[in-house]
Amino acid sequence: MSSSMVFAVTGVLLFAIGLAGMLIAAHLLRKVLAFNVLGSGLFLVLVGLPQRDGMADPVPQAMVLTGIVVAVAATALALALLRRLHALTGATSLPRDTDA
Amino acid sequence: MKPWTVVVAVLAGALALIFAMLDLPAPAFDLLPAVTTHLPASGVEHPVTAVLLNYRAYDTLLEVAVLLLALIGILALGIDADPVAPRPVEAMLSILARLIVPAMIVMAVYLLWAGAHRPGGAFQAAAVLAAGGVLLQLGGLIASWSAPRARLRWSIAGGFLIFLGVALVTGLESTLLQYPMPIAGRLILLIESGLTISLGLILSGLFLLLSRDRKNEAP
């Protein structure tokens with residue numbers, strides 16, 4: 001297994017950790033953090049997988065570069081929404097769905 | 001959903017993904033030769049910058065719009081307008097900010113310039129500028145934003161507007177964002193300079209706006 005595949009496999013594991021965190025955690029701040037872990041895993045896959053032949057591909061790298069900046073902005077917007085929710089209702093988690 | 005069900009399902013999915021990746025055949029087409037062949041025509045020497053600001057400049061244009069929208073979204077949510085009591089600032093942090101931030105600005109300009117021929121560019125430079133803005137706020141040297149005034153609003157939107165202007169002019173001349181060959185490098189530098197300042201303000205603004213709203217914080 002080449003070193004770039006190590007990045008890709010680590011990325012998948014981070015993606016899995018983030019996905020599980022998003023589904024399990026109730027607190028919205030934890031969900032936002034898990035979303036970031038998930039995104040970092042995806043970026044690792046996007047950088048690692050295309051260079052498994054040993055040549056770095058600049059196209060996915062440019063995609064990840066923009067992705068990181070968009071993820072920062074999305075996180076900030078999510079935090080702003082979370083603070084607004086907390087200010088208006090005092091809640092830090094979404095109401096659970098009840099099966100009718 | 002029970003937590004262990006989630007863990008088992010996610011683990012199974014991850015294993016399937018890993019085995020699929022290890023078994024993946026070589027890609028049917030390779031973009032690398034295309035990127036390297038046209039590099040001399042792109043106006044810059046570094047392939048990532050060429051992809052970002054020439055080959056896929058339309059993606060980058062829309063991405064800057066997304067960033068602008070995120071900041072507008074935060075502004076639209078409404079920010080606490082109450083005056084905030086200044087909180088005590090550690091002298092160490094304040095001194096450190098004074099020492100480091102000028103160096104960070106120099107670093108940002110270098111990164112912007114280096115983007116043409118080595119790793120670097122507008123996004124990295126803007127990230128360094130934004131970190132400088134956060135450091136200044138934490139060091140108590142600048143206040144958080146309450147509502148950006150006209151000049152700040154123009155600076156925040158400026159990078160996107162320059163980019164959009166270049167897109168419009170090139171779109172009227174020939175194809176959208178197809179730079180004329182002799183001035184491609186200069187156009188990219190113009191766009192990147194605008195983006196560095198605007199993205200730096202947007203990214204630090206995300207923090208400076210959120211840190212303003214201190215009333216709801218736990219004591």
# chains A, B, ... in the order shown; residues from 1 in each chain; ligands from 1

$ residues_around --residues "segment 164-167 of chain B" --least-positions-apart "6" --cutoff "9 Å" --atoms "only C-alpha atoms" --output "list in words"
Tyr58, Leu61, Thr175, Leu176, Leu177, Gln178, Tyr179, Leu187 and Ile191 of chain B

$ write_last_selection --atoms "N, CA and C atoms" --output "PDB file, in the first residue's frame"
ATOM      1  N   TYR B  58     -14.393  29.442 -13.026  1.00  0.00           N
ATOM      2  CA  TYR B  58     -15.832  29.605 -12.779  1.00  0.00           C
ATOM      3  C   TYR B  58     -16.209  29.009 -11.416  1.00  0.00           C
ATOM      4  N   LEU B  61     -15.070  31.381  -8.785  1.00  0.00           N
ATOM      5  CA  LEU B  61     -15.962  32.544  -8.720  1.00  0.00           C
ATOM      6  C   LEU B  61     -17.189  32.222  -7.865  1.00  0.00           C
ATOM      7  N   THR B 175     -15.084  34.079 -24.455  1.00  0.00           N
ATOM      8  CA  THR B 175     -15.755  33.098 -23.616  1.00  0.00           C
ATOM      9  C   THR B 175     -15.627  33.542 -22.168  1.00  0.00           C
ATOM     10  N   LEU B 176     -16.574  33.151 -21.340  1.00  0.00           N
ATOM     11  CA  LEU B 176     -16.568  33.531 -19.943  1.00  0.00           C
ATOM     12  C   LEU B 176     -15.264  33.074 -19.290  1.00  0.00           C
ATOM     13  N   LEU B 177     -14.537  34.016 -18.684  1.00  0.00           N
ATOM     14  CA  LEU B 177     -13.321  33.752 -17.934  1.00  0.00           C
ATOM     15  C   LEU B 177     -12.211  33.116 -18.770  1.00  0.00           C
ATOM     16  N   GLN B 178     -12.245  33.360 -20.074  1.00  0.00           N
ATOM     17  CA  GLN B 178     -11.097  32.946 -20.898  1.00  0.00           C
ATOM     18  C   GLN B 178     -10.222  34.171 -21.092  1.00  0.00           C
ATOM     19  N   TYR B 179      -9.105  34.195 -20.309  1.00  0.00           N
ATOM     20  CA  TYR B 179      -8.276  35.384 -20.330  1.00  0.00           C
ATOM     21  C   TYR B 179      -7.507  35.453 -21.636  1.00  0.00           C
ATOM     22  N   LEU B 187      -4.079  39.533 -15.126  1.00  0.00           N
ATOM     23  CA  LEU B 187      -5.483  39.425 -14.704  1.00  0.00           C
ATOM     24  C   LEU B 187      -5.603  38.535 -13.476  1.00  0.00           C
ATOM     25  N   ILE B 191      -7.094  39.576  -9.849  1.00  0.00           N
ATOM     26  CA  ILE B 191      -8.174  38.859  -9.166  1.00  0.00           C
ATOM     27  C   ILE B 191      -7.706  38.367  -7.813  1.00  0.00           C
TER      28      ILE B 191
END

$ select_by_dssp --residues "segment 91-190 of chain B" --states "alpha helix (DSSP H)" --output "PyMOL selection string"
chain B and resi 91-114+122-138+150-173+184-190

$ residues_around --residues "segment 14-30 of chain A" --least-positions-apart "5" --cutoff "12 Å" --atoms "only C-alpha atoms" --output "VMD selection string"
(chain A and resid 7 to 9 35 to 46 75 to 76 78 to 83 85 to 86 91 to 96) or (chain B and resid 1 to 18)

$ closest_atom_pairs --of "chain B" --to "chain A" --cutoff "8 Å" --atoms "only C-alpha atoms" --output "JSON lines"
{"residue": "B:Pro3", "atom": "CA", "partner": "A:Ile24", "partner_atom": "CA", "distance": 5.8}
{"residue": "B:Val6", "atom": "CA", "partner": "A:Ala20", "partner_atom": "CA", "distance": 6.2}
{"residue": "B:Val7", "atom": "CA", "partner": "A:Ala20", "partner_atom": "CA", "distance": 6.1}
{"residue": "B:Val10", "atom": "CA", "partner": "A:Ala16", "partner_atom": "CA", "distance": 5.7}
{"residue": "B:Leu11", "atom": "CA", "partner": "A:Ala16", "partner_atom": "CA", "distance": 6.7}
{"residue": "B:Gly13", "atom": "CA", "partner": "A:Ala16", "partner_atom": "CA", "distance": 7.9}
{"residue": "B:Ala14", "atom": "CA", "partner": "A:Ala16", "partner_atom": "CA", "distance": 6.0}
{"residue": "B:Leu17", "atom": "CA", "partner": "A:Val12", "partner_atom": "CA", "distance": 7.2}
{"residue": "B:Ile18", "atom": "CA", "partner": "A:Val9", "partner_atom": "CA", "distance": 6.0}
{"residue": "B:Met21", "atom": "CA", "partner": "A:Leu49", "partner_atom": "CA", "distance": 7.8}
{"residue": "B:Leu22", "atom": "CA", "partner": "A:Met5", "partner_atom": "CA", "distance": 7.7}
{"residue": "B:Leu31", "atom": "CA", "partner": "A:Asp57", "partner_atom": "CA", "distance": 7.4}
{"residue": "B:Leu32", "atom": "CA", "partner": "A:Asp57", "partner_atom": "CA", "distance": 5.8}
{"residue": "B:Val35", "atom": "CA", "partner": "A:Pro58", "partner_atom": "CA", "distance": 7.9}
{"residue": "B:Pro47", "atom": "CA", "partner": "A:Pro58", "partner_atom": "CA", "distance": 5.9}
{"residue": "B:Val48", "atom": "CA", "partner": "A:Pro58", "partner_atom": "CA", "distance": 5.0}
{"residue": "B:Thr49", "atom": "CA", "partner": "A:Ala62", "partner_atom": "CA", "distance": 7.5}
{"residue": "B:Val51", "atom": "CA", "partner": "A:Val59", "partner_atom": "CA", "distance": 6.2}
{"residue": "B:Leu52", "atom": "CA", "partner": "A:Ala62", "partner_atom": "CA", "distance": 5.8}
{"residue": "B:Thr60", "atom": "CA", "partner": "A:Thr66", "partner_atom": "CA", "distance": 7.2}
{"residue": "B:Glu63", "atom": "CA", "partner": "A:Thr66", "partner_atom": "CA", "distance": 7.0}
{"residue": "B:Val66", "atom": "CA", "partner": "A:Val70", "partner_atom": "CA", "distance": 7.2}
{"residue": "B:Leu67", "atom": "CA", "partner": "A:Ala73", "partner_atom": "CA", "distance": 5.9}
{"residue": "B:Ala70", "atom": "CA", "partner": "A:Leu77", "partner_atom": "CA", "distance": 5.9}
{"residue": "B:Leu71", "atom": "CA", "partner": "A:Leu77", "partner_atom": "CA", "distance": 7.5}
{"residue": "B:Gly73", "atom": "CA", "partner": "A:Leu77", "partner_atom": "CA", "distance": 6.9}
{"residue": "B:Ile74", "atom": "CA", "partner": "A:Leu77", "partner_atom": "CA", "distance": 6.0}
{"residue": "B:Leu77", "atom": "CA", "partner": "A:Arg84", "partner_atom": "CA", "distance": 7.4}
{"residue": "B:Phe123", "atom": "CA", "partner": "A:Val69", "partner_atom": "CA", "distance": 7.6}
{"residue": "B:Leu203", "atom": "CA", "partner": "A:Ala73", "partner_atom": "CA", "distance": 7.2}
{"residue": "B:Leu206", "atom": "CA", "partner": "A:Ala76", "partner_atom": "CA", "distance": 6.1}
{"residue": "B:Phe207", "atom": "CA", "partner": "A:Ala76", "partner_atom": "CA", "distance": 7.6}
{"residue": "B:Leu210", "atom": "CA", "partner": "A:Ala80", "partner_atom": "CA", "distance": 6.6}
{"residue": "B:Asn216", "atom": "CA", "partner": "A:Ala87", "partner_atom": "CA", "distance": 6.0}

$ atom_distance --atom1 "atom CA of Leu96 of chain B" --atom2 "atom CA of Arg118 of chain B"
29.4 Å

$ atom_distance --atom1 "atom CA of Gly140 of chain B" --atom2 "atom CA of Ala103 of chain B"
18.2 Å

$ residues_around --residues "Gly54 of chain A" --least-positions-apart "3" --cutoff "10 Å" --atoms "only C-alpha atoms" --output "PyMOL selection string"
chain A and resi 2-4+48+50-51+57

$ write_last_selection --atoms "C-alpha atoms" --output "PDB file, in the first residue's frame"
ATOM      1  CA  SER A   2       1.530   3.273  -1.092  1.00  0.00           C
ATOM      2  CA  SER A   3       1.684   6.269   1.229  1.00  0.00           C
ATOM      3  CA  SER A   4      -1.078   8.077  -0.661  1.00  0.00           C
ATOM      4  CA  GLY A  48      -4.751  10.845  -1.391  1.00  0.00           C
ATOM      5  CA  PRO A  50      -5.828  10.528  -7.104  1.00  0.00           C
ATOM      6  CA  GLN A  51      -2.081  10.341  -6.411  1.00  0.00           C
ATOM      7  CA  ASP A  57      -3.020  15.657  -9.526  1.00  0.00           C
TER       8      ASP A  57
END

$ atom_distance --atom1 "atom CA of Leu75 of chain B" --atom2 "atom CA of Leu33 of chain A"
22.2 Å

$ closest_residue --among "B:Pro102, B:Pro40, B:Pro25, B:Gly200" --to "Ala131 of chain B" --atoms "only C-alpha atoms"
B:Gly200
